[in-house]
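Here is coords36.csv, consisting of CSV, C-alpha atoms:
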chain,number,residue,atom,x,y,z
A,1,MET,CA,48.5,163.4,70.3
A,2,THR,CA,51.8,163.1,68.5
A,3,ALA,CA,54.8,162.6,70.7
A,4,ASP,CA,57.6,165.2,70.5
A,5,GLY,CA,59.9,164.4,67.6
A,6,ILE,CA,63.4,165.4,66.6
A,7,GLY,CA,62.2,168.8,65.3
A,8,ALA,CA,60.6,169.6,68.7
A,9,ARG,CA,64.0,168.9,70.4
A,10,VAL,CA,65.7,171.2,67.8
A,11,ARG,CA,63.2,174.0,68.7
A,12,MET,CA,63.7,173.4,72.4
A,13,ALA,CA,67.5,173.7,72.2
A,14,ARG,CA,67.3,176.6,69.8
A,15,ARG,CA,65.1,178.6,72.1
A,16,ALA,CA,67.2,177.7,75.1
A,17,LYS,CA,70.2,179.1,73.4
A,18,GLY,CA,68.4,182.3,72.3
A,19,LEU,CA,68.9,181.6,68.6
A,20,THR,CA,66.6,182.8,65.8
A,21,LEU,CA,65.5,180.5,63.0
A,22,GLU,CA,67.6,182.5,60.7
A,23,THR,CA,70.7,182.2,62.9
A,24,LEU,CA,70.4,178.5,63.4
A,25,SER,CA,69.7,177.8,59.8
A,26,GLY,CA,72.8,179.6,58.8
A,27,LEU,CA,74.9,177.7,61.4
A,28,ALA,CA,73.5,174.4,60.2
A,29,GLY,CA,73.8,175.1,56.5
A,30,MET,CA,70.1,174.9,55.6
A,31,SER,CA,67.3,177.2,54.6
A,32,THR,CA,65.2,179.0,57.2
A,33,SER,CA,62.0,177.5,55.6
A,34,ALA,CA,63.3,174.0,55.9
A,35,LEU,CA,64.3,174.5,59.5
A,36,SER,CA,60.9,175.9,60.3
A,37,MET,CA,59.2,172.9,58.7
A,38,PHE,CA,61.5,170.5,60.7
A,39,GLU,CA,60.6,172.2,63.9
A,40,THR,CA,56.8,172.1,63.3
A,41,GLY,CA,56.8,168.5,62.0
A,42,ALA,CA,55.7,169.6,58.5
A,43,ARG,CA,58.9,168.0,57.2
A,44,SER,CA,60.6,164.9,58.6
A,45,LEU,CA,64.1,165.1,60.0
A,46,ASP,CA,65.0,161.8,58.6
A,47,ARG,CA,68.6,162.2,57.4
A,48,LEU,CA,71.6,161.9,59.6
A,49,SER,CA,73.4,164.7,57.7
A,50,TYR,CA,70.8,167.2,58.8
A,51,ILE,CA,70.8,165.8,62.4
A,52,ASP,CA,74.6,165.9,62.7
A,53,ASN,CA,74.7,169.5,61.4
A,54,LEU,CA,71.9,170.7,63.7
A,55,ALA,CA,73.5,168.9,66.7
A,56,ARG,CA,76.9,170.6,66.0
A,57,ALA,CA,75.2,174.0,65.5
A,58,LEU,CA,73.3,173.7,68.7
A,59,GLY,CA,76.1,172.3,70.8
A,60,VAL,CA,74.1,169.1,71.7
A,61,SER,CA,74.7,165.4,71.0
A,62,ARG,CA,73.2,163.6,68.1
A,63,THR,CA,71.8,161.0,70.6
A,64,TRP,CA,69.9,163.7,72.5
A,65,LEU,CA,68.3,165.1,69.3
A,66,LEU,CA,67.3,161.5,68.4
A,67,GLY,CA,65.7,161.0,71.9
A,68,GLN,CA,68.1,158.2,72.8
A,69,PRO,CA,68.2,156.2,74.8
A,70,ALA,CA,64.5,155.7,75.1
A,71,GLU,CA,63.0,156.1,78.5
A,72,PRO,CA,62.2,152.9,80.5
A,73,THR,CA,58.5,153.2,80.3
A,74,THR,CA,57.6,149.5,80.3
A,75,ALA,CA,58.8,146.4,82.1
A,76,ARG,CA,60.5,145.2,78.9
A,77,SER,CA,62.3,148.5,78.3
A,78,ALA,CA,63.2,148.7,81.9
A,79,GLY,CA,64.7,145.3,81.7
A,80,ARG,CA,66.8,146.4,78.7
A,81,HIS,CA,68.1,149.4,80.6
A,82,HIS,CA,69.2,147.0,83.3
A,83,ARG,CA,71.0,144.8,80.8
A,84,ILE,CA,72.8,147.8,79.2
A,85,GLU,CA,73.9,149.0,82.7
A,86,ARG,CA,75.4,145.6,83.4
A,87,ILE,CA,77.3,145.8,80.1
A,88,ARG,CA,78.4,149.3,80.9
A,89,VAL,CA,79.8,148.2,84.3
A,90,ALA,CA,81.6,145.3,82.7
A,91,LEU,CA,83.2,147.5,80.1
A,92,MET,CA,84.2,150.2,82.6
A,93,ASP,CA,85.6,147.8,85.2
A,94,THR,CA,87.9,145.8,82.9
A,95,GLU,CA,91.2,146.8,81.4
A,96,LEU,CA,93.4,144.8,79.1
A,97,GLY,CA,96.3,143.3,81.1
A,98,GLU,CA,94.6,143.6,84.5
A,99,ARG,CA,93.0,140.5,85.9
A,100,PRO,CA,89.5,140.9,87.3
A,101,GLU,CA,88.7,139.3,90.6
A,102,VAL,CA,86.7,136.4,89.1
A,103,GLU,CA,87.2,132.7,88.6
A,104,PRO,CA,86.7,132.4,84.9
A,105,ARG,CA,85.1,129.4,83.2
A,106,PRO,CA,87.4,127.2,81.1
A,107,LEU,CA,88.8,129.1,78.1
A,108,PRO,CA,87.5,126.7,75.4
A,109,ALA,CA,84.0,127.2,76.7
A,110,LEU,CA,84.4,131.0,76.7
A,111,THR,CA,85.9,130.9,73.2
A,112,LEU,CA,82.9,128.9,71.9
A,113,LEU,CA,80.5,131.3,73.6
A,114,ALA,CA,82.3,134.3,72.1
A,115,ARG,CA,81.9,132.8,68.7
A,116,SER,CA,78.2,131.9,69.2
A,117,VAL,CA,76.9,135.2,70.7
A,118,GLY,CA,77.4,137.1,67.5
A,119,ALA,CA,75.5,134.5,65.5
A,120,THR,CA,72.8,134.3,68.1
A,121,LEU,CA,72.3,138.1,67.8
A,122,HIS,CA,71.3,137.6,64.2
A,123,ARG,CA,68.5,135.2,65.0
A,124,PRO,CA,64.9,136.2,65.8
A,125,GLY,CA,64.1,137.3,69.3
A,126,ARG,CA,67.6,136.7,70.8
A,127,VAL,CA,68.8,140.3,71.6
A,128,ASP,CA,68.0,140.1,75.3
A,129,GLU,CA,69.6,136.7,75.6
A,130,VAL,CA,72.9,138.0,74.1
A,131,ALA,CA,72.8,141.0,76.4
A,132,ASP,CA,72.5,138.8,79.4
A,133,ARG,CA,75.5,136.7,78.5
A,134,LEU,CA,77.9,139.6,77.6
A,135,PRO,CA,78.9,141.0,81.0
A,136,ALA,CA,80.3,137.8,82.4
A,137,LEU,CA,81.9,136.8,79.1
A,138,LEU,CA,83.7,140.1,78.8
A,139,THR,CA,85.0,140.0,82.4
A,140,GLU,CA,86.1,136.3,82.2
A,141,LEU,CA,87.9,136.8,78.9
A,142,HIS,CA,89.9,139.7,80.4
A,143,ALA,CA,90.9,137.4,83.2
A,144,TRP,CA,92.3,134.8,80.7
A,145,ALA,CA,94.0,137.6,78.6
A,146,ALA,CA,95.8,138.7,81.7
A,147,SER,CA,96.8,135.4,83.3
A,148,GLY,CA,97.0,132.6,80.8
A,149,ASP,CA,100.0,131.3,79.0
A,150,GLU,CA,101.0,132.7,75.6
A,151,ARG,CA,98.6,130.4,73.6
A,152,GLN,CA,95.8,131.0,76.1
A,153,ARG,CA,96.3,134.7,76.0
A,154,ARG,CA,96.1,134.8,72.2
A,155,ASP,CA,93.0,132.6,72.1
A,156,ALA,CA,91.5,134.9,74.8
A,157,LEU,CA,92.3,138.0,72.8
A,158,ARG,CA,90.6,136.7,69.6
A,159,ALA,CA,87.6,135.7,71.7
A,160,LEU,CA,87.6,139.2,73.3
A,161,VAL,CA,87.5,140.9,69.9
A,162,LEU,CA,84.5,138.8,69.0
A,163,ALA,CA,82.8,139.4,72.3
A,164,CYS,CA,83.4,143.2,71.9
A,165,ALA,CA,82.0,143.0,68.4
A,166,ALA,CA,78.8,141.3,69.7
A,167,THR,CA,78.6,144.0,72.4
A,168,CYS,CA,78.7,146.7,69.8
A,169,GLY,CA,76.1,144.9,67.7
A,170,THR,CA,73.8,144.6,70.7
A,171,ILE,CA,73.9,148.0,72.2
A,172,LYS,CA,74.1,150.2,69.1
A,173,TRP,CA,70.4,149.7,68.5
A,174,PHE,CA,69.4,151.1,71.9
A,175,GLY,CA,70.9,154.6,71.7
A,176,HIS,CA,74.2,154.2,73.5
A,177,PRO,CA,76.9,155.2,71.0
A,178,GLU,CA,79.4,156.0,73.7
A,179,LEU,CA,79.2,152.4,74.9
A,180,VAL,CA,79.6,151.2,71.3
A,181,TRP,CA,82.8,153.3,71.1
A,182,ILE,CA,84.1,151.9,74.4
A,183,ALA,CA,83.3,148.3,73.5
A,184,GLY,CA,84.9,148.9,70.1
A,185,GLU,CA,88.0,150.4,71.7
A,186,ARG,CA,88.3,147.4,74.1
A,187,GLY,CA,88.1,145.2,71.0
A,188,ARG,CA,90.7,147.2,69.2
A,189,GLN,CA,93.1,147.1,72.1
A,190,ALA,CA,92.8,143.3,72.2
A,191,ALA,CA,93.3,143.1,68.4
A,192,ARG,CA,96.4,145.3,68.6
A,193,ARG,CA,97.8,143.2,71.4
A,194,LEU,CA,97.2,140.2,69.2
A,195,GLY,CA,99.0,141.9,66.4
A,196,GLU,CA,97.0,140.5,63.5
A,197,PRO,CA,95.8,143.1,60.9
A,198,VAL,CA,92.5,141.3,60.0
A,199,TRP,CA,91.4,141.3,63.6
A,200,VAL,CA,92.4,145.0,64.0
A,201,GLY,CA,90.3,145.8,61.0
A,202,LEU,CA,87.4,143.8,62.4
A,203,ALA,CA,87.5,145.7,65.7
A,204,GLU,CA,87.7,149.0,63.8
A,205,PHE,CA,84.6,148.2,61.8
A,206,TYR,CA,82.5,147.6,65.0
A,207,ARG,CA,83.9,150.7,66.7
A,208,SER,CA,83.1,153.1,63.9
A,209,PRO,CA,79.3,153.5,64.5
A,210,GLY,CA,80.1,154.9,68.0
A,211,ALA,CA,81.9,157.9,66.6
A,212,THR,CA,80.6,161.3,67.8
A,213,ALA,CA,80.1,162.4,64.2
A,214,TYR,CA,79.9,160.7,60.8
A,215,SER,CA,83.0,162.6,59.7
A,216,ARG,CA,84.8,160.6,62.3
A,217,THR,CA,83.2,157.4,61.1
A,218,LEU,CA,84.5,158.1,57.6
A,219,SER,CA,88.0,159.0,58.7
A,220,THR,CA,88.4,156.0,61.1
A,221,SER,CA,87.0,153.6,58.5
A,222,GLU,CA,89.3,155.0,55.7
A,223,ARG,CA,92.4,154.7,57.9
A,224,ALA,CA,91.4,151.2,59.0
A,225,VAL,CA,90.9,149.9,55.4
A,226,ALA,CA,94.1,151.6,54.2
A,227,ALA,CA,96.0,149.8,57.0
A,228,LEU,CA,94.4,146.5,56.1
A,229,LEU,CA,94.8,146.6,52.3
A,230,PRO,CA,98.4,145.4,52.2
A,231,HIS,CA,97.3,142.3,54.1
A,232,VAL,CA,94.2,141.4,52.0
A,233,GLY,CA,94.5,138.0,50.5
A,234,ASP,CA,92.2,135.4,51.9
A,235,GLY,CA,88.4,135.4,52.1
A,236,LEU,CA,88.1,136.8,55.6
A,237,SER,CA,90.5,139.7,55.0
A,238,MET,CA,88.5,140.6,51.9
A,239,GLN,CA,85.3,140.5,53.9
A,240,VAL,CA,86.6,142.8,56.6
A,241,ALA,CA,88.0,145.2,54.0
A,242,GLY,CA,84.7,145.2,52.2
A,243,MET,CA,82.7,146.0,55.4
A,244,LEU,CA,85.1,148.8,56.2
A,245,HIS,CA,84.6,150.2,52.7
A,246,LEU,CA,80.8,150.0,53.3
A,247,MET,CA,81.1,151.8,56.6
A,248,ALA,CA,83.3,154.5,54.9
A,249,ALA,CA,80.7,154.8,52.1
A,250,PHE,CA,77.9,155.5,54.5
A,251,GLY,CA,80.0,158.0,56.5
A,252,ALA,CA,80.8,159.8,53.3
A,253,ALA,CA,77.2,159.9,52.3
A,254,VAL,CA,76.2,161.5,55.6
A,255,VAL,CA,78.9,164.2,55.2
A,256,GLY,CA,78.0,164.9,51.6
A,257,ARG,CA,81.1,163.5,49.9
A,258,ALA,CA,79.5,161.9,46.8
A,259,GLU,CA,82.7,160.9,45.1
A,260,ALA,CA,84.1,159.2,48.2
A,261,THR,CA,80.7,157.4,48.6
A,262,ARG,CA,80.9,156.1,45.0
A,263,SER,CA,84.5,155.1,45.4
A,264,HIS,CA,84.0,153.1,48.6
A,265,LEU,CA,80.9,151.4,47.2
A,266,ASP,CA,82.8,150.4,44.0
A,267,GLU,CA,85.7,149.0,46.1
A,268,ALA,CA,83.2,147.0,48.2
A,269,ALA,CA,81.5,145.8,45.0
A,270,GLY,CA,84.8,144.5,43.6
A,271,LEU,CA,85.5,142.6,46.8
A,272,ALA,CA,81.9,141.2,47.0
A,273,ALA,CA,82.2,139.9,43.5
A,274,ARG,CA,85.3,137.9,44.6
A,275,THR,CA,83.8,136.6,47.9
A,276,GLY,CA,80.2,136.0,47.1
A,277,ASP,CA,77.7,136.0,50.0
A,278,ARG,CA,79.5,134.8,53.1
A,279,THR,CA,78.7,134.5,56.8
A,280,ASP,CA,82.3,134.4,58.3
A,281,LEU,CA,82.4,136.0,61.8
A,282,ASP,CA,78.8,137.2,61.3
A,283,LEU,CA,79.9,139.9,58.9
A,284,PHE,CA,77.5,138.7,56.2
A,285,PHE,CA,79.6,140.4,53.5
A,286,GLY,CA,78.8,139.8,49.9
A,287,PRO,CA,76.6,141.1,47.0
A,288,THR,CA,73.4,140.9,49.1
A,289,ASN,CA,74.7,142.9,52.0
A,290,LEU,CA,76.3,145.4,49.6
A,291,ALA,CA,72.9,146.0,48.0
A,292,ILE,CA,71.4,146.5,51.5
A,293,TRP,CA,74.0,149.1,52.3
A,294,ARG,CA,73.3,150.8,48.9
A,295,VAL,CA,69.7,151.2,50.1
A,296,SER,CA,70.9,152.8,53.3
A,297,VAL,CA,73.1,155.2,51.4
A,298,ALA,CA,70.3,156.2,49.0
A,299,VAL,CA,67.9,156.8,51.8
A,300,GLU,CA,70.4,159.0,53.6
A,301,ARG,CA,70.9,161.0,50.4
A,302,GLY,CA,67.1,161.5,50.2
A,303,GLU,CA,66.8,159.3,47.1
A,304,GLY,CA,63.8,157.3,48.3
A,305,GLY,CA,62.8,156.1,44.8
A,306,ARG,CA,66.3,154.9,44.1
A,307,ALA,CA,66.4,153.1,47.4
A,308,ALA,CA,63.1,151.3,46.6
A,309,GLU,CA,64.4,150.4,43.2
A,310,ILE,CA,67.6,148.8,44.6
A,311,ALA,CA,65.5,147.0,47.3
A,312,ARG,CA,63.3,145.3,44.6
A,313,GLY,CA,66.4,143.4,43.4
A,314,ILE,CA,67.2,142.0,46.9
A,315,ASP,CA,66.1,138.5,47.8
A,316,LEU,CA,66.0,138.5,51.6
A,317,ARG,CA,66.0,134.7,51.6
A,318,THR,CA,69.7,134.9,50.7
A,319,MET,CA,70.4,137.0,53.9
A,320,PRO,CA,70.4,134.8,57.0
A,321,SER,CA,70.7,137.7,59.5
A,322,VAL,CA,67.4,139.0,60.8
A,323,MET,CA,69.2,142.1,61.9
A,324,ARG,CA,70.3,142.9,58.3
A,325,GLN,CA,66.8,141.9,57.0
A,326,ALA,CA,65.2,144.3,59.5
A,327,ASN,CA,67.7,147.0,58.6
A,328,LEU,CA,66.7,146.8,54.9
A,329,LEU,CA,63.0,146.9,55.8
A,330,THR,CA,63.3,149.9,58.0
A,331,ASP,CA,65.3,151.7,55.4
A,332,LEU,CA,62.8,150.7,52.8
A,333,GLY,CA,60.0,152.1,55.0
A,334,ARG,CA,61.8,155.4,55.3
A,335,ALA,CA,62.3,155.4,51.5
A,336,PHE,CA,58.6,155.0,51.0
A,337,VAL,CA,57.9,157.8,53.4
A,338,GLN,CA,60.2,160.0,51.4
A,339,GLU,CA,58.2,159.1,48.3
A,340,ARG,CA,54.9,159.7,50.1
A,341,ARG,CA,53.9,156.0,49.7
A,342,ASP,CA,52.8,155.7,53.3
A,343,THR,CA,50.8,152.4,53.1
A,344,ARG,CA,53.8,150.6,51.7
A,345,ALA,CA,56.0,152.3,54.3
A,346,LEU,CA,53.8,151.0,57.2
A,347,ASN,CA,53.9,147.5,55.7
A,348,ALA,CA,57.7,147.6,55.5
A,349,PHE,CA,58.0,148.8,59.1
A,350,ARG,CA,55.6,146.2,60.4
A,351,SER,CA,57.5,143.5,58.5
A,352,ALA,CA,60.7,144.6,60.3
A,353,GLU,CA,58.9,144.7,63.6
A,354,ARG,CA,57.9,141.1,63.2
A,355,LEU,CA,61.6,140.2,62.9
A,356,VAL,CA,63.1,142.3,65.7
A,357,PRO,CA,60.5,144.3,67.5
A,358,GLU,CA,62.9,145.6,70.1
A,359,VAL,CA,65.1,147.2,67.4
A,360,VAL,CA,62.2,148.8,65.5
A,361,HIS,CA,60.5,150.1,68.6
A,362,GLY,CA,63.7,151.9,69.6
A,363,HIS,CA,64.6,153.2,66.2
A,364,PRO,CA,64.5,157.0,66.3
A,365,LEU,CA,64.3,157.4,62.5
A,366,VAL,CA,61.4,154.9,62.3
A,367,ARG,CA,59.7,157.0,65.0
A,368,GLU,CA,60.4,160.2,63.0
A,369,ALA,CA,59.1,158.7,59.8
A,370,THR,CA,56.0,157.4,61.5
A,371,GLY,CA,55.3,160.9,62.9
A,372,ARG,CA,55.5,162.2,59.4
A,373,MET,CA,52.9,159.7,58.3
A,374,LEU,CA,50.6,160.7,61.1
A,375,TYR,CA,51.1,164.4,60.2
A,376,ARG,CA,50.1,163.7,56.6
A,377,SER,CA,47.1,161.6,57.7
A,378,ARG,CA,45.8,164.5,59.9
A,379,GLN,CA,46.1,162.1,62.9
A,380,ALA,CA,42.4,161.9,63.6
A,381,THR,CA,41.8,160.1,60.3
A,382,ALA,CA,44.9,157.9,60.6
A,383,SER,CA,44.2,154.2,60.2
A,384,SER,CA,43.9,152.0,63.3
A,385,ASP,CA,47.0,150.1,62.1
A,386,LEU,CA,49.1,153.3,61.8
A,387,ARG,CA,48.0,154.6,65.1
A,388,ALA,CA,48.7,151.3,66.8
A,389,PHE,CA,52.2,151.1,65.2
A,390,ALA,CA,52.8,154.8,66.2
A,391,HIS,CA,52.0,153.9,69.8
A,392,ARG,CA,54.5,151.0,69.7
A,393,VAL,CA,57.4,153.1,68.4
A,394,GLY,CA,56.6,156.2,70.6
A,395,ALA,CA,55.4,158.5,67.8
A,396,LEU,CA,52.0,158.8,69.5
A,397,ASP,CA,51.4,159.4,73.2
For this file, produce the structure as structure tokens.
Amino acid sequence: MTADGIGARVRMARRAKGLTLETLSGLAGMSTSALSMFETGARSLDRLSYIDNLARALGVSRTWLLGQPAEPTTARSAGRHHRIERIRVALMDTELGERPEVEPRPLPALTLLARSVGATLHRPGRVDEVADRLPALLTELHAWAASGDERQRRDALRALVLACAATCGTIKWFGHPELVWIAGERGRQAARRLGEPVWVGLAEFYRSPGATAYSRTLSTSERAVAALLPHVGDGLSMQVAGMLHLMAAFGAAVVGRAEATRSHLDEAAGLAARTGDRTDLDLFFGPTNLAIWRVSVAVERGEGGRAAEIARGIDLRTMPSVMRQANLLTDLGRAFVQERRDTRALNAFRSAERLVPEVVHGHPLVREATGRMLYRSRQATASSDLRAFAHRVGALD
């Protein structure tokens, strides 16, 4: 049988609050017929704008509606929960300026590790390895930031920004946005103590996905890029500014601000034309990443055909990050589902799965899109490949 999707959670929360379909549809700004189809699974809840509106109207969190974090139902998923808990403890038990009761490794070794974990995250099959390294790295860098001499403190602060960025990049895929925000905030505190605008902008970029609503993602990204723009000059500052514009563009797309979406994408395009494709600090900013974000924006706007058209022009061989490759492929799969091209959607999802299975298996919008494909195939006649994939992503019990 099909596992409960986002629509089933909407129905559960609506009934618990004693709301009619008509009342909730009015509060969420959508038609009653659309809401009814979402609840029954006849229509996929695949856009974050709908999900944010429904979460706000129901008084629940977006992550709850998305079914995140996923339950630890296998040895592998249980191990991931354990890793995330160790990261949570490390974040909650450290504070900038206070020295943890640890004997840290030499600072040069920690600095090198902080620079390498982000790069490692973007290689195949390394997410768990990075998650294992982060708790000790975060704790030991706090020790150096609190007790080293001036040069050592500044080196530790830069390394701490990078470690927090890697932390955000690791845990955001597993349904813990509150930890993304906390890790991003720890990085922002370190960057502000450092007093270097580019590093502050970098920390703000990684913090933004942890916002409680995409309106906050938009506002924080816009403030961050406005603060950084007077300092934009070299290649790294342009890359950070470009990524902040991309984050703001996506936030604007979710909240329905079409003009702001276009403006931020245009600003990012201008910067990408100047930088070319780069890999500095694992941002991977440039024309290729810009195109990948354009696909994400088009899917969020329900423009599956447009997203597929943009994706056709992207050569993934020019993108060294498997995370970014997988992001494109999952968005492309969702675009094909919007276009009712389910065979191509499944192929895209399975290609992403081969790159980073742990991310695809925990992706709630992939699960939702897969449930939609099952619904259309009448479940019993679904192909064995679709049913097997649905089991792996939790769309089929």
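Closest approach to Thr261 of chain A among A:Trp293, A:Phe284, A:Trp64, A:Phe389: A:Trp293, based on all atoms listed in the file.
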Report task. List the neighbours of Gly169 of chain A out to 10 Å using all atoms listed in the file; skip same-chain residues closer than 6 positions along the sequence, and give me the result as number ranges by chain. Result -> A: 118, 121-122, 127, 130, 163, 180, 183-184, 206-207, 209, 323
Counting only C-alpha atoms, what are the residues of segment 93-192 of chain A within 9 Å of segment 356-370 of chain A, and for each of them which pair of atoms is the nearest and at what distance in Å, to one decimal? Sort the table by chain and rising number, as a tab-separated table.
residue	atom	partner	partner_atom	distance
A:Arg123	CA	A:Val356	CA	8.9
A:Pro124	CA	A:Val356	CA	6.4
A:Gly125	CA	A:Val356	CA	6.2
A:Arg126	CA	A:Val356	CA	8.8
A:Val127	CA	A:Glu358	CA	8.1
A:Trp173	CA	A:Val359	CA	6.0
A:Phe174	CA	A:Gly362	CA	6.2
A:Gly175	CA	A:Gly362	CA	8.0
Query raised in the report: In file coordinates, which residues lie within 12 Å of (84.1, 151.5, 83.7) using all atoms listed in the file, given as a count of residues only?
Result: 17
Which segment 160-193 of chain A residues have any atom within 10 Å of an atom of segment 103-114 of chain A, and for each, what is the nearest pair of atoms with distance in Å to one decimal, counting only C-alpha atoms, rows sorted by chain and number, as a tab-separated table?
residue	atom	partner	partner_atom	distance
A:Leu160	CA	A:Ala114	CA	7.3
A:Val161	CA	A:Ala114	CA	8.7
A:Leu162	CA	A:Ala114	CA	5.9
A:Ala163	CA	A:Ala114	CA	5.1
A:Cys164	CA	A:Ala114	CA	9.0
A:Ala165	CA	A:Ala114	CA	9.5
A:Ala166	CA	A:Ala114	CA	8.2
Requested in this report: Calculate how many Å separate atom CA of Ile84 of chain A from atom CA of Asp132 of chain A, rounding to one decimal.
Outcome: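 Straight-line distance from atom CA of Ile84 of chain A to atom CA of Asp132 of chain A works out to 9.0 Å.
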Report task. Provide the atom CA of Arg350 of chain A to atom CA of Arg83 of chain A distance in Å, to one decimal place. Result ->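 Between atom CA of Arg350 of chain A and atom CA of Arg83 of chain A the gap works out to 25.6 Å.
In this structure, atom CA of Asn347 of chain A sits 12.8 Å away from atom CA of Ala390 of chain A.
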Report task. For Thr217 of chain A, please output as a ChimeraX atom specification all residues within 9 Å (counting only C-alpha atoms; exclusion window: fewer than 6 positions along the same chain). Result -> /A:207-211,247-248,250-252
Hey, which bits of segment 47-71 of chain A sit within 9 Å of segment 3-10 of chain A, and for each residue what's the closest pair of atoms and how far apart in Å (one decimal), counting all atoms listed in the file, rows by chain and increasing number, as a Markdown table?
| residue | atom | partner | partner_atom | distance |
| --- | --- | --- | --- | --- |
| A:Ile51 | CA | A:Ile6 | CA | 8.5 |
| A:Leu54 | CA | A:Val10 | CA | 7.4 |
| A:Ala55 | CA | A:Val10 | CA | 8.2 |
| A:Leu58 | CA | A:Val10 | CA | 8.1 |
| A:Trp64 | CA | A:Arg9 | CA | 8.1 |
| A:Leu65 | CA | A:Ile6 | CA | 5.6 |
| A:Leu66 | CA | A:Ile6 | CA | 5.8 |
| A:Gly67 | CA | A:Ile6 | CA | 7.3 |
For C-alpha atoms, I'd like the residues from the last selection saved as a short mmCIF file (atom, residue, chain, number, x, y, z; two decimals), in the coordinates of the input.
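Once everything was written out, this is again-v4.cif:
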data_model
loop_
_atom_site.label_atom_id
_atom_site.label_comp_id
_atom_site.auth_asym_id
_atom_site.auth_seq_id
_atom_site.Cartn_x
_atom_site.Cartn_y
_atom_site.Cartn_z
CA ILE A 51 70.80 165.80 62.40
CA LEU A 54 71.90 170.70 63.70
CA ALA A 55 73.50 168.90 66.70
CA LEU A 58 73.30 173.70 68.70
CA TRP A 64 69.90 163.70 72.50
CA LEU A 65 68.30 165.10 69.30
CA LEU A 66 67.30 161.50 68.40
CA GLY A 67 65.70 161.00 71.90
#
Residue contacts of Met30 of chain A (10 Å, only C-alpha atoms) excluding same-chain residues fewer than 6 positions away, as an mmCIF file with C-alpha atoms, keeping the file's coordinate frame:
data_model
loop_
_atom_site.group_PDB
_atom_site.id
_atom_site.type_symbol
_atom_site.label_atom_id
_atom_site.label_comp_id
_atom_site.auth_asym_id
_atom_site.auth_seq_id
_atom_site.Cartn_x
_atom_site.Cartn_y
_atom_site.Cartn_z
ATOM 1 C CA GLU A 22 67.600 182.500 60.700
ATOM 2 C CA LEU A 24 70.400 178.500 63.400
ATOM 3 C CA TYR A 50 70.800 167.200 58.800
ATOM 4 C CA ASN A 53 74.700 169.500 61.400
ATOM 5 C CA LEU A 54 71.900 170.700 63.700
#
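Residue nearest Val60 of chain A, chosen from A:Gln239, A:Thr212, A:Thr279, A:Thr167 and counting only C-alpha atoms: A:Thr212.
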Query raised in the report: Looking at A:Gly242, A:Asp234, A:Leu283, A:Arg294, which one is nearest to Arg262 of chain A, with distances taken over all atoms listed in the file?
Result: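 Of A:Gly242, A:Asp234, A:Leu283, A:Arg294, the one nearest Arg262 of chain A, counting all atoms listed in the file, is A:Arg294.
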Query raised in the report: From the set A:Ala307, A:Arg274, A:Arg301, A:Leu316, which residue has the shortest atom-to-atom contact distance to Asn289 of chain A, counting all atoms listed in the file?
Result: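 When distances to Asn289 of chain A are compared using all atoms listed in the file, the smallest one comes from A:Leu316.
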Query raised in the report: In terms of the shortest atom-to-atom distance over all atoms listed in the file, which of A:Thr73, A:Asn327, A:Thr275, A:Thr288 is closest to Ile314 of chain A?
Result: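 Checking each candidate against Ile314 of chain A, we get A:Thr288 as the closest.
Closest approach to Gln68 of chain A among A:Ala249, A:Ile171, A:Leu194, A:Ile310: A:Ile171, based on only C-alpha atoms.
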